[in-house]
2 protein chains.
Amino acid sequence: MARNVHRSPVMADVAKVAGVSHQTVSRVLNDHPNVRRETRERVLAAIEGLGYRRNSTARALVTRRTNTLGVVAFDTTLYGPASTLYAIERAAREAGYFVSIVSLRELTRDDLSEALDHLARQQVDGLVVIVPQSAIAVALADMPQPVPVVTVEGDAGVGLPVVNVDQRKGGALVTEHLLRLGHRTVWHVSGPQDWLESQARIQGWRETLEAAGAPVPEPMYGDWSPRSGYRCGQILAGVPDLTAVFVANDQMALGVVRALHEARMRVPDDVSVVGFDDVPESEFFTPPLTTVAQDFAEVGRKAIELLLDALDGEHADGAANGSPPRPATPPVNIVVRPHLVVRRSSGPPRSR
Amino acid sequence: MARNVHRSPVMADVAKVAGVSHQTVSRVLNDHPNVRRETRERVLAAIEGLGYRRNSTARALVTRRTNTLGVVAFDTTLYGPASTLYAIERAAREAGYFVSIVSLRELTRDDLSEALDHLARQQVDGLVVIVPQSAIAVALADMPQPVPVVTVEGDAGVGLPVVNVDQRKGGALVTEHLLRLGHRTVWHVSGPQDWLESQARIQGWRETLEAAGAPVPEPMYGDWSPRSGYRCGQILAGVPDLTAVFVANDQMALGVVRALHEARMRVPDDVSVVGFDDVPESEFFTPPLTTVAQDFAEVGRKAIELLLDALDGEHADGAANGSPPRPATPPVNIVVRPHLVVRRSSGPPRSR
DNA sequence: GGGTCAATTGTTAACGTTCACAATGCCTTT
DNA sequence: AAAGGCATTGTGAACGTTAACAATTGACCC
């Protein structure tokens, strides 16, 4: 009596049908060159016939590679992280990797460690960390099995390879745009103070103002949410001589515009407002929002590219055991350039 | 000369240090009851001391469970899917599962099959499929190793367990709200025709109109994007006697409002507009958008709950081999209720 | 005081791959 | 014609865990 009624076929089953050894089946599956064409075809036919699929777990056990990449992201509900994640997943899958994700709800050290721990348990081959704080480096040191890591929007100073949008440049683009329109200065609603992206955008904004000899107002800090933008907008509405505001993301810009609107200030007639991110909605805001487009997809693709390179390198190292311990590669820092998208929310200041 | 300089410790190493057999270590790790307290403590100390971590791959090989759940979603860039995914990931992780995702860019049969194939290769223990078309059922039939599946926003008619928001109810809520305000009828900008969500919202809208004896205009079809809403809005601006529009999501509603605005029609004074989803931005639109809130997080949690139940059931089945082949459970269909959020984009029709 | 039972621990054999090495056959070279 | 080399295939042993079963101990019962 067949006792393997419901067992799915394994390599040995294929081997038996094809009249070869299991090792030959393995060779066919792994595209080993030295298999006779006829043999290969017989094996493939057997595979097809049995509906065989290779057991990736067994494979991972012996190769010590799970073919899985881990992604740690913060709040994938937001458009930016979501888009980046999407591109990462696509690129990884195309390269034959599985993608395991952890979405953080808070940016605490504990949550981050726990996330890394989780992924380490799964024995991921590599990590992409989309976490906008420098605390990552510390947490990564805890990783029991050091795996290749690529950070996105991370701190370039901590020695990990990083893929970044040039946020500083973005802040500068916005500020130049507004100054060129004739504004005397530009106010700024920033993201949270401890986000690297916030800091870089502030820097670009401040440097541009200073270079132009324009006064530098105190920046205000939101939390990326429309609501926080709204609150800042209410305060801004009371600022005398306000003519231009650079808001660090589109969602907050929406809140700012709303607050100004309620205070009977027109955008852009009375006040110009510029956002950041170019979310799909921003073109249809009232008025359509001038903003900075970031190529999130490109960032995701680059991150995977970098990570796969690192994996290949590691693999090669493992084989050539005697190679120098570390090739002392220069710190990798891929920068993606943002660009300004001018719409109707920005214009020249009202002539007085 | 230790040759295991850089090898991470395995169970046998722990066993040696603790002076027990590897099997006892395994028992400790799996909370097996019959281990003497003192022995357990010695083993735990050894684990701690060596920094041992269990190799989940080897474990998966023998238990035939990867502790990984697969999620197939369509366009996780959108707020709804992203939020659902977020909740799923959280719930799964809390239950000790890993989450592997595949984001579809198109809803073709091929892409779906490929996604399922990908996850099957990874030997996921279960699947959550967030795909809003009935084509899933067909593709799922191709799954080589049938695994428990829960669908989200899927077709309740195909026999798979499903977690849904009551979209029909949502459509009805909106339509009732507008009729009650005094509108003679309500126009509708729908999502794509082949989406189940679109269909259900249309149904709720149509039924409510019919029940009230109101005329039922021909619905218009967008693709969820603000741009498509804008195009529909341009057409709507030419409709005589237009006083109320129900738009099937907030993004398209934004486009509709924009188009009406450009046509010099005021919202809500001239036309009331109601959206769907309650994205965080909608409260800050101009004007703040009346919409329908869906509890995406709840949907995600329920989906995982259902899936874990199915996994437990399957596990039990496997143990009690002689149990009846299928308990013939009634089709599971969890329904989450949406609710109306009234803001300023809807109001009574202009008195004529 | 022997026997039964439960608690605790150990031994051996899977799980399904890939790796290392051996074996075979055939062709080329000298 | 022997030797060497290459292409092709097979054999046995890992990989690190859990499952099944056996062995040992001590308590308890009649």
# chains A, B, ... in the order shown; residues from 1 in each chain; ligands from 1
call {"tool": "closest_atom_pairs", "arguments": {"of": "chain B", "to": "chain C", "cutoff": "9 Å", "atoms": "only C-alpha atoms (C1' of nucleotides)", "output": "JSON lines"}}
result
{"residue": "B:Val20", "atom": "CA", "partner": "C:DT9", "partner_atom": "C1'", "distance": 8.2}
{"residue": "B:Ser21", "atom": "CA", "partner": "C:DG10", "partner_atom": "C1'", "distance": 6.5}
{"residue": "B:Gln23", "atom": "CA", "partner": "C:DG10", "partner_atom": "C1'", "distance": 7.8}
{"residue": "B:Thr24", "atom": "CA", "partner": "C:DT9", "partner_atom": "C1'", "distance": 7.2}
{"residue": "B:Asn34", "atom": "CA", "partner": "C:DT8", "partner_atom": "C1'", "distance": 6.4}
{"residue": "B:Val35", "atom": "CA", "partner": "C:DT8", "partner_atom": "C1'", "distance": 6.4}
{"residue": "B:Arg36", "atom": "CA", "partner": "C:DT8", "partner_atom": "C1'", "distance": 7.1}
{"residue": "B:Ala58", "atom": "CA", "partner": "C:DC15", "partner_atom": "C1'", "distance": 8.6}
{"residue": "B:Ala60", "atom": "CA", "partner": "C:DC15", "partner_atom": "C1'", "distance": 8.9}
{"residue": "B:Leu61", "atom": "CA", "partner": "C:DC15", "partner_atom": "C1'", "distance": 5.5}
{"residue": "B:Val62", "atom": "CA", "partner": "C:DC15", "partner_atom": "C1'", "distance": 4.6}
{"residue": "B:Thr63", "atom": "CA", "partner": "C:DC15", "partner_atom": "C1'", "distance": 8.0}
{"residue": "B:Arg64", "atom": "CA", "partner": "C:DC15", "partner_atom": "C1'", "distance": 8.2}
call {"tool": "write_last_selection", "arguments": {"atoms": "N, CA, C and O atoms", "output": "tab-separated table (two decimals), in the first residue's frame"}}
result
chain	number	residue	atom	x	y	z
B	20	VAL	N	24.12	17.87	29.51
B	20	VAL	CA	22.91	17.09	29.20
B	20	VAL	C	22.96	16.68	27.73
B	20	VAL	O	23.91	16.98	27.03
B	21	SER	N	21.91	16.02	27.28
B	21	SER	CA	21.85	15.68	25.86
B	21	SER	C	21.19	16.81	25.08
B	21	SER	O	20.48	17.62	25.66
B	23	GLN	N	18.80	16.68	23.19
B	23	GLN	CA	17.35	16.55	23.25
B	23	GLN	C	16.78	17.29	24.46
B	23	GLN	O	15.71	17.89	24.40
B	24	THR	N	17.48	17.24	25.55
B	24	THR	CA	17.03	17.97	26.74
B	24	THR	C	17.04	19.47	26.48
B	24	THR	O	16.13	20.19	26.88
B	34	ASN	N	8.21	17.91	31.14
B	34	ASN	CA	9.00	16.99	31.95
B	34	ASN	C	10.50	17.27	31.94
B	34	ASN	O	11.29	16.46	31.47
B	35	VAL	N	10.85	18.41	32.46
B	35	VAL	CA	12.27	18.69	32.65
B	35	VAL	C	12.43	19.20	34.08
B	35	VAL	O	11.68	20.06	34.53
B	36	ARG	N	13.37	18.63	34.77
B	36	ARG	CA	13.55	19.04	36.15
B	36	ARG	C	13.95	20.51	36.20
B	36	ARG	O	14.70	20.98	35.35
B	58	ALA	N	16.52	24.68	10.54
B	58	ALA	CA	16.56	23.26	10.86
B	58	ALA	C	15.25	22.84	11.51
B	58	ALA	O	14.69	21.78	11.23
B	60	ALA	N	12.36	24.24	11.03
B	60	ALA	CA	11.31	24.22	10.01
B	60	ALA	C	11.39	22.94	9.18
B	60	ALA	O	10.38	22.37	8.80
B	61	LEU	N	12.60	22.51	8.94
B	61	LEU	CA	12.77	21.32	8.11
B	61	LEU	C	12.08	20.11	8.73
B	61	LEU	O	11.39	19.37	8.06
B	62	VAL	N	12.26	19.98	10.01
B	62	VAL	CA	11.69	18.78	10.64
B	62	VAL	C	10.23	18.95	11.05
B	62	VAL	O	9.46	18.01	10.98
B	63	THR	N	9.85	20.14	11.43
B	63	THR	CA	8.46	20.34	11.85
B	63	THR	C	7.54	20.59	10.66
B	63	THR	O	6.33	20.57	10.79
B	64	ARG	N	8.13	20.91	9.53
B	64	ARG	CA	7.35	21.25	8.34
B	64	ARG	C	6.51	22.51	8.54
B	64	ARG	O	5.44	22.64	7.97
call {"tool": "interface_residues", "arguments": {"of": "chain D", "to": "chain B", "cutoff": "12 Å", "atoms": "only C-alpha atoms (C1' of nucleotides)", "output": "ChimeraX atom specification"}}
result
/D:15-19
call {"tool": "calpha_fit_and_write", "arguments": {"fixed": "chain B", "moving": "chain A", "output": "tab-separated table (two decimals) with C-alpha atoms, in the first residue's frame"}}
result
chain	number	residue	atom	x	y	z
A	1	MET	CA	43.28	24.22	17.64
A	2	ALA	CA	39.72	25.30	17.90
A	3	ARG	CA	38.35	25.10	14.43
A	4	ASN	CA	34.99	26.47	15.42
A	5	VAL	CA	36.35	29.96	15.83
A	6	HIS	CA	33.52	31.72	14.13
A	7	ARG	CA	30.80	29.14	14.07
A	8	SER	CA	27.75	30.13	15.99
A	9	PRO	CA	26.78	27.71	18.76
A	10	VAL	CA	24.30	24.94	18.15
A	11	MET	CA	22.21	22.85	20.44
A	12	ALA	CA	24.97	20.35	20.99
A	13	ASP	CA	27.25	23.10	22.24
A	14	VAL	CA	24.66	24.21	24.73
A	15	ALA	CA	24.12	20.63	25.78
A	16	LYS	CA	27.78	20.10	26.44
A	17	VAL	CA	28.08	23.22	28.56
A	18	ALA	CA	24.96	22.37	30.53
A	19	GLY	CA	25.97	18.76	30.90
A	20	VAL	CA	22.82	17.38	29.32
A	21	SER	CA	21.79	15.90	26.00
A	22	HIS	CA	20.77	18.04	23.05
A	23	GLN	CA	17.28	16.70	23.40
A	24	THR	CA	16.95	18.21	26.83
A	25	VAL	CA	18.01	21.54	25.43
A	26	SER	CA	15.32	21.16	22.81
A	27	ARG	CA	12.79	20.44	25.53
A	28	VAL	CA	13.73	23.54	27.44
A	29	LEU	CA	13.42	25.62	24.31
A	30	ASN	CA	10.01	24.20	23.52
A	31	ASP	CA	8.68	24.55	27.05
A	32	HIS	CA	8.25	20.88	27.47
A	33	PRO	CA	6.75	20.28	30.93
A	34	ASN	CA	8.90	17.40	32.07
A	35	VAL	CA	12.18	19.12	32.72
A	36	ARG	CA	13.46	19.52	36.24
A	37	ARG	CA	13.59	23.11	37.32
A	38	GLU	CA	17.25	22.96	38.12
A	39	THR	CA	18.10	21.37	34.79
A	40	ARG	CA	16.10	23.96	32.95
A	41	GLU	CA	17.96	26.73	34.68
A	42	ARG	CA	21.32	25.20	33.92
A	43	VAL	CA	20.35	24.94	30.26
A	44	LEU	CA	19.07	28.50	30.16
A	45	ALA	CA	22.28	29.69	31.72
A	46	ALA	CA	24.29	27.87	29.07
A	47	ILE	CA	22.13	29.38	26.34
A	48	GLU	CA	22.64	32.82	27.77
A	49	GLY	CA	26.33	32.28	28.22
A	50	LEU	CA	26.95	31.08	24.67
A	51	GLY	CA	24.54	33.52	23.08
A	52	TYR	CA	22.83	30.58	21.48
A	53	ARG	CA	19.87	31.07	19.14
A	54	ARG	CA	17.88	28.26	17.76
A	55	ASN	CA	18.24	27.62	14.05
A	56	SER	CA	14.77	28.10	12.72
A	57	THR	CA	15.65	26.58	9.39
A	58	ALA	CA	16.56	23.23	10.88
A	59	ARG	CA	13.47	23.42	12.98
A	60	ALA	CA	11.30	24.16	9.98
A	61	LEU	CA	12.79	21.24	8.11
A	62	VAL	CA	11.70	18.73	10.67
A	63	THR	CA	8.45	20.30	11.85
A	64	ARG	CA	7.36	21.20	8.34
A	65	ARG	CA	6.32	24.59	9.54
A	66	THR	CA	8.19	27.72	8.61
A	67	ASN	CA	6.34	30.00	10.97
A	68	THR	CA	5.98	32.35	8.07
A	69	LEU	CA	2.78	33.82	6.73
A	70	GLY	CA	2.55	35.13	3.22
A	71	VAL	CA	0.67	38.27	2.32
A	72	VAL	CA	-0.33	39.13	-1.20
A	73	ALA	CA	-1.53	42.68	-1.60
A	74	PHE	CA	-2.34	45.02	-4.39
A	75	ASP	CA	-0.67	48.42	-4.43
A	76	THR	CA	0.49	48.81	-0.87
A	77	THR	CA	1.19	52.43	-1.69
A	78	LEU	CA	-2.47	53.22	-1.11
A	79	TYR	CA	-3.55	54.07	2.38
A	80	GLY	CA	-6.05	51.25	2.79
A	81	PRO	CA	-3.87	48.30	1.82
A	82	ALA	CA	-0.92	49.86	3.61
A	83	SER	CA	-2.88	50.17	6.84
A	84	THR	CA	-4.24	46.67	6.57
A	85	LEU	CA	-0.82	45.29	5.88
A	86	TYR	CA	0.57	47.15	8.84
A	87	ALA	CA	-2.00	45.61	11.18
A	88	ILE	CA	-1.45	42.17	9.69
A	89	GLU	CA	2.26	42.39	10.18
A	90	ARG	CA	1.86	43.47	13.77
A	91	ALA	CA	-0.67	40.82	14.68
A	92	ALA	CA	1.32	38.09	13.00
A	93	ARG	CA	4.54	39.11	14.66
A	94	GLU	CA	2.90	39.18	18.05
A	95	ALA	CA	1.75	35.64	17.44
A	96	GLY	CA	5.33	34.64	16.68
A	97	TYR	CA	5.02	34.50	12.92
A	98	PHE	CA	7.19	36.00	10.24
A	99	VAL	CA	5.53	37.89	7.44
A	100	SER	CA	6.59	37.68	3.84
A	101	ILE	CA	4.96	40.02	1.40
A	102	VAL	CA	4.34	40.32	-2.28
A	103	SER	CA	2.96	43.56	-3.67
A	104	LEU	CA	1.24	43.23	-6.97
A	105	ARG	CA	1.49	45.99	-9.46
A	106	GLU	CA	-1.19	44.63	-11.70
A	107	LEU	CA	-4.20	42.51	-11.07
A	108	THR	CA	-3.58	40.05	-13.83
A	109	ARG	CA	-4.05	36.38	-13.39
A	110	ASP	CA	-0.38	35.80	-14.20
A	111	ASP	CA	0.93	38.22	-11.63
A	112	LEU	CA	-1.26	36.66	-9.01
A	113	SER	CA	-0.17	33.15	-9.86
A	114	GLU	CA	3.42	34.22	-9.81
A	115	ALA	CA	2.96	35.80	-6.41
A	116	LEU	CA	1.41	32.66	-5.00
A	117	ASP	CA	4.13	30.60	-6.58
A	118	HIS	CA	6.75	32.78	-4.96
A	119	LEU	CA	5.23	32.34	-1.54
A	120	ALA	CA	4.70	28.64	-2.07
A	121	ARG	CA	8.40	28.33	-2.80
A	122	GLN	CA	9.06	29.85	0.56
A	123	GLN	CA	6.74	27.30	2.10
A	124	VAL	CA	4.59	29.74	3.99
A	125	ASP	CA	2.27	28.17	6.54
A	126	GLY	CA	-0.66	30.33	5.55
A	127	LEU	CA	-1.75	33.12	3.28
A	128	VAL	CA	-3.58	36.39	3.54
A	129	VAL	CA	-4.71	37.62	0.17
A	130	ILE	CA	-5.76	41.23	-0.08
A	131	VAL	CA	-6.93	41.20	-3.62
A	132	PRO	CA	-10.19	42.78	-4.57
A	133	GLN	CA	-11.16	40.53	-7.41
A	134	SER	CA	-12.81	37.19	-7.64
A	135	ALA	CA	-10.04	35.91	-9.88
A	136	ILE	CA	-8.18	34.88	-6.75
A	137	ALA	CA	-10.14	31.73	-6.24
A	138	VAL	CA	-9.06	30.41	-9.61
A	139	ALA	CA	-5.44	31.21	-9.03
A	140	LEU	CA	-5.49	29.67	-5.61
A	141	ALA	CA	-6.53	26.40	-7.11
A	142	ASP	CA	-3.08	26.26	-8.68
A	143	MET	CA	-1.39	26.25	-5.30
A	144	PRO	CA	0.73	23.12	-5.27
A	145	GLN	CA	0.63	22.67	-1.51
A	146	PRO	CA	-2.73	23.80	-0.36
A	147	VAL	CA	-2.27	26.06	2.66
A	148	PRO	CA	-4.88	27.84	4.73
A	149	VAL	CA	-5.94	31.07	3.10
A	150	VAL	CA	-7.83	34.07	4.35
A	151	THR	CA	-8.97	36.69	1.91
A	152	VAL	CA	-9.49	40.35	2.69
A	153	GLU	CA	-12.00	42.37	0.74
A	154	GLY	CA	-12.48	39.31	-1.34
A	155	ASP	CA	-15.44	37.53	-2.81
A	156	ALA	CA	-17.49	35.85	-0.08
A	157	GLY	CA	-19.03	33.61	-2.71
A	158	VAL	CA	-16.01	31.50	-3.53
A	159	GLY	CA	-15.93	29.54	-0.30
A	160	LEU	CA	-12.75	30.98	1.16
A	161	PRO	CA	-12.89	32.60	4.57
A	162	VAL	CA	-13.06	36.33	4.12
A	163	VAL	CA	-12.78	39.47	6.20
A	164	ASN	CA	-14.65	42.40	4.77
A	165	VAL	CA	-15.69	45.89	5.54
A	166	ASP	CA	-19.37	46.20	4.84
A	167	GLN	CA	-18.95	48.34	1.77
A	168	ARG	CA	-22.57	48.14	0.84
A	169	LYS	CA	-23.50	49.54	4.21
A	170	GLY	CA	-20.94	52.29	3.68
A	171	GLY	CA	-22.48	53.28	0.38
A	172	ALA	CA	-25.88	53.29	2.00
A	173	LEU	CA	-24.70	55.44	4.91
A	174	VAL	CA	-23.42	58.09	2.56
A	175	THR	CA	-26.50	58.10	0.40
A	176	GLU	CA	-28.89	58.23	3.33
A	177	HIS	CA	-26.91	61.08	4.80
A	178	LEU	CA	-27.17	63.10	1.62
A	179	LEU	CA	-30.84	62.35	1.02
A	180	ARG	CA	-31.64	63.28	4.58
A	181	LEU	CA	-29.95	66.62	4.01
A	182	GLY	CA	-32.56	67.22	1.35
A	183	HIS	CA	-30.80	66.30	-1.86
A	184	ARG	CA	-33.11	64.98	-4.58
A	185	THR	CA	-30.55	62.49	-5.77
A	186	VAL	CA	-26.87	61.61	-5.43
A	187	TRP	CA	-24.37	61.12	-8.22
A	188	HIS	CA	-21.65	58.54	-7.87
A	189	VAL	CA	-18.01	58.37	-8.87
A	190	SER	CA	-17.08	54.73	-8.46
A	191	GLY	CA	-13.80	52.84	-8.36
A	192	PRO	CA	-12.87	50.45	-11.17
A	193	GLN	CA	-15.75	48.33	-12.32
A	194	ASP	CA	-14.09	45.00	-11.61
A	195	TRP	CA	-13.30	45.75	-7.97
A	196	LEU	CA	-15.59	44.09	-5.52
A	197	GLU	CA	-15.40	47.12	-3.26
A	198	SER	CA	-16.62	49.34	-6.06
A	199	GLN	CA	-19.48	47.02	-6.79
A	200	ALA	CA	-20.60	46.84	-3.18
A	201	ARG	CA	-20.48	50.60	-2.73
A	202	ILE	CA	-22.48	51.06	-5.89
A	203	GLN	CA	-25.00	48.56	-4.63
A	204	GLY	CA	-25.47	50.33	-1.32
A	205	TRP	CA	-25.81	53.65	-3.09
A	206	ARG	CA	-28.26	52.37	-5.68
A	207	GLU	CA	-30.45	50.49	-3.23
A	208	THR	CA	-30.77	53.51	-1.00
A	209	LEU	CA	-31.72	55.77	-3.88
A	210	GLU	CA	-34.25	53.27	-5.13
A	211	ALA	CA	-35.74	52.76	-1.68
A	212	ALA	CA	-36.22	56.51	-1.43
A	213	GLY	CA	-37.75	56.72	-4.85
A	214	ALA	CA	-34.93	58.97	-6.01
A	215	PRO	CA	-33.66	58.88	-9.58
A	216	VAL	CA	-30.51	56.78	-10.08
A	217	PRO	CA	-27.95	58.52	-12.28
A	218	GLU	CA	-25.45	56.52	-14.29
A	219	PRO	CA	-22.33	56.01	-12.12
A	220	MET	CA	-18.96	57.18	-13.40
A	221	TYR	CA	-15.85	55.04	-13.10
A	222	GLY	CA	-12.43	56.17	-11.92
A	223	ASP	CA	-9.31	54.25	-11.00
A	224	TRP	CA	-8.97	55.45	-7.39
A	225	SER	CA	-6.42	58.12	-8.36
A	226	PRO	CA	-6.98	61.80	-7.68
A	227	ARG	CA	-6.50	62.41	-11.37
A	228	SER	CA	-9.34	60.15	-12.37
A	229	GLY	CA	-11.53	61.90	-9.80
A	230	TYR	CA	-10.54	65.19	-11.34
A	231	ARG	CA	-11.65	64.03	-14.77
A	232	CYS	CA	-14.97	62.82	-13.46
A	233	GLY	CA	-15.35	66.09	-11.61
A	234	GLN	CA	-14.92	68.02	-14.85
A	235	ILE	CA	-17.77	66.09	-16.36
A	236	LEU	CA	-19.91	66.43	-13.25
A	237	ALA	CA	-19.42	70.19	-13.37
A	238	GLY	CA	-21.50	70.17	-16.51
A	239	VAL	CA	-24.40	68.22	-15.04
A	240	PRO	CA	-27.46	70.40	-14.58
A	241	ASP	CA	-29.04	70.39	-11.13
A	242	LEU	CA	-26.03	68.63	-9.59
A	243	THR	CA	-26.18	69.00	-5.81
A	244	ALA	CA	-24.56	65.91	-4.32
A	245	VAL	CA	-21.80	63.47	-5.25
A	246	PHE	CA	-20.69	60.30	-3.51
A	247	VAL	CA	-17.11	59.52	-4.47
A	248	ALA	CA	-15.82	56.02	-3.80
A	249	ASN	CA	-12.58	57.08	-2.14
A	250	ASP	CA	-11.04	60.18	-0.62
A	251	GLN	CA	-8.33	60.58	-3.21
A	252	MET	CA	-10.80	60.76	-6.06
A	253	ALA	CA	-13.01	63.01	-3.95
A	254	LEU	CA	-10.10	65.40	-3.77
A	255	GLY	CA	-9.92	65.44	-7.54
A	256	VAL	CA	-13.65	65.97	-7.83
A	257	VAL	CA	-13.56	68.89	-5.42
A	258	ARG	CA	-10.66	70.38	-7.34
A	259	ALA	CA	-12.51	70.16	-10.65
A	260	LEU	CA	-15.68	71.66	-9.17
A	261	HIS	CA	-13.62	74.44	-7.65
A	262	GLU	CA	-12.10	75.24	-11.02
A	263	ALA	CA	-15.59	75.32	-12.49
A	264	ARG	CA	-16.47	77.92	-9.85
A	265	MET	CA	-18.79	75.62	-7.98
A	266	ARG	CA	-18.48	75.81	-4.23
A	267	VAL	CA	-18.40	72.80	-1.92
A	268	PRO	CA	-20.69	72.34	-0.06
A	269	ASP	CA	-22.70	75.47	-0.92
A	270	ASP	CA	-23.35	74.45	-4.52
A	271	VAL	CA	-22.46	70.76	-4.39
A	272	SER	CA	-21.97	68.35	-1.50
A	273	VAL	CA	-19.14	65.86	-1.90
A	274	VAL	CA	-18.65	62.78	0.25
A	275	GLY	CA	-15.65	60.47	0.07
A	276	PHE	CA	-14.74	57.05	1.41
A	277	ASP	CA	-11.83	55.75	3.54
A	278	ASP	CA	-11.20	58.60	5.94
A	279	VAL	CA	-7.54	58.97	5.11
A	280	PRO	CA	-5.69	61.11	7.67
A	281	GLU	CA	-5.59	64.01	5.23
A	282	SER	CA	-9.30	64.22	4.61
A	283	GLU	CA	-9.96	66.16	7.78
A	284	PHE	CA	-7.77	68.93	6.40
A	285	PHE	CA	-8.99	69.11	2.86
A	286	THR	CA	-10.63	72.34	1.73
A	287	PRO	CA	-13.34	71.90	2.83
A	288	PRO	CA	-12.82	69.07	5.35
A	289	LEU	CA	-14.27	65.98	3.78
A	290	THR	CA	-17.31	64.05	4.91
A	291	THR	CA	-16.36	60.44	4.44
A	292	VAL	CA	-16.72	56.86	5.63
A	293	ALA	CA	-14.17	55.52	8.07
A	294	GLN	CA	-13.03	51.94	7.65
A	295	ASP	CA	-11.20	50.25	10.45
A	296	PHE	CA	-8.36	48.82	8.41
A	297	ALA	CA	-6.45	47.84	11.51
A	298	GLU	CA	-9.37	45.78	12.73
A	299	VAL	CA	-9.60	44.09	9.35
A	300	GLY	CA	-5.93	43.15	9.49
A	301	ARG	CA	-6.20	41.82	13.01
A	302	LYS	CA	-9.27	39.77	12.21
A	303	ALA	CA	-7.62	38.31	9.15
A	304	ILE	CA	-4.68	37.06	11.18
A	305	GLU	CA	-6.97	35.79	13.91
A	306	LEU	CA	-8.88	33.78	11.37
A	307	LEU	CA	-5.74	32.48	9.74
A	308	LEU	CA	-4.21	31.41	13.03
A	309	ASP	CA	-7.40	29.56	13.88
A	310	ALA	CA	-7.21	27.76	10.59
A	311	LEU	CA	-3.59	26.86	11.22
A	312	ASP	CA	-4.39	25.47	14.63
A	313	GLY	CA	-7.25	23.51	13.18
A	314	GLU	CA	-5.05	22.07	10.48
A	315	HIS	CA	-2.43	21.13	12.98
A	316	ALA	CA	-4.97	19.36	15.14
A	317	ASP	CA	-6.31	17.54	12.10
A	318	GLY	CA	-2.87	16.34	11.26
A	319	ALA	CA	-2.43	14.86	14.71
A	320	ALA	CA	-5.81	13.22	14.95
A	321	ASN	CA	-5.45	11.52	11.66
A	322	GLY	CA	-8.70	9.62	11.76
A	323	SER	CA	-10.92	12.66	12.18
A	324	PRO	CA	-13.61	13.21	9.57
A	325	PRO	CA	-12.02	14.56	6.38
A	326	ARG	CA	-13.57	18.01	6.61
A	327	PRO	CA	-15.63	19.31	9.48
A	328	ALA	CA	-17.70	21.05	6.81
A	329	THR	CA	-17.44	24.37	8.59
A	330	PRO	CA	-19.83	27.03	7.37
A	331	PRO	CA	-18.08	29.62	5.21
A	332	VAL	CA	-16.53	32.21	7.47
A	333	ASN	CA	-17.29	35.79	6.62
A	334	ILE	CA	-16.28	38.39	9.14
A	335	VAL	CA	-17.81	41.78	8.52
A	336	VAL	CA	-16.42	44.98	9.94
A	337	ARG	CA	-18.83	47.88	10.09
A	338	PRO	CA	-17.87	51.22	8.62
A	339	HIS	CA	-19.15	54.50	9.99
A	340	LEU	CA	-19.91	57.89	8.59
A	341	VAL	CA	-17.74	60.85	9.53
A	342	VAL	CA	-19.60	64.05	8.85
A	343	ARG	CA	-17.46	67.09	8.07
A	344	ARG	CA	-17.98	70.22	6.12
A	345	SER	CA	-18.02	69.03	2.52
A	346	SER	CA	-21.65	67.98	2.80
A	347	GLY	CA	-24.65	70.13	3.60
A	348	PRO	CA	-28.19	70.86	2.54
A	349	PRO	CA	-28.74	71.77	-1.09
A	350	ARG	CA	-28.87	75.44	-1.94
A	351	SER	CA	-32.47	76.53	-1.64
A	352	ARG	CA	-33.75	77.51	-5.02
call {"tool": "select_by_dssp", "arguments": {"residues": "range 154-320 of chain B", "states": "helix (DSSP H, G or I)", "output": "VMD selection string"}}
result
chain B and resid 156 to 158 167 to 180 196 to 211 226 to 236 250 to 262 280 to 284 296 to 319
call {"tool": "select_by_dssp", "arguments": {"residues": "range 8-250 of chain A", "states": "strand (DSSP E)", "output": "NGL selection string"}}
result
:A and (68-74 or 98-104 or 126-130 or 149-152 or 162-165 or 187-190 or 220-221 or 244-247)
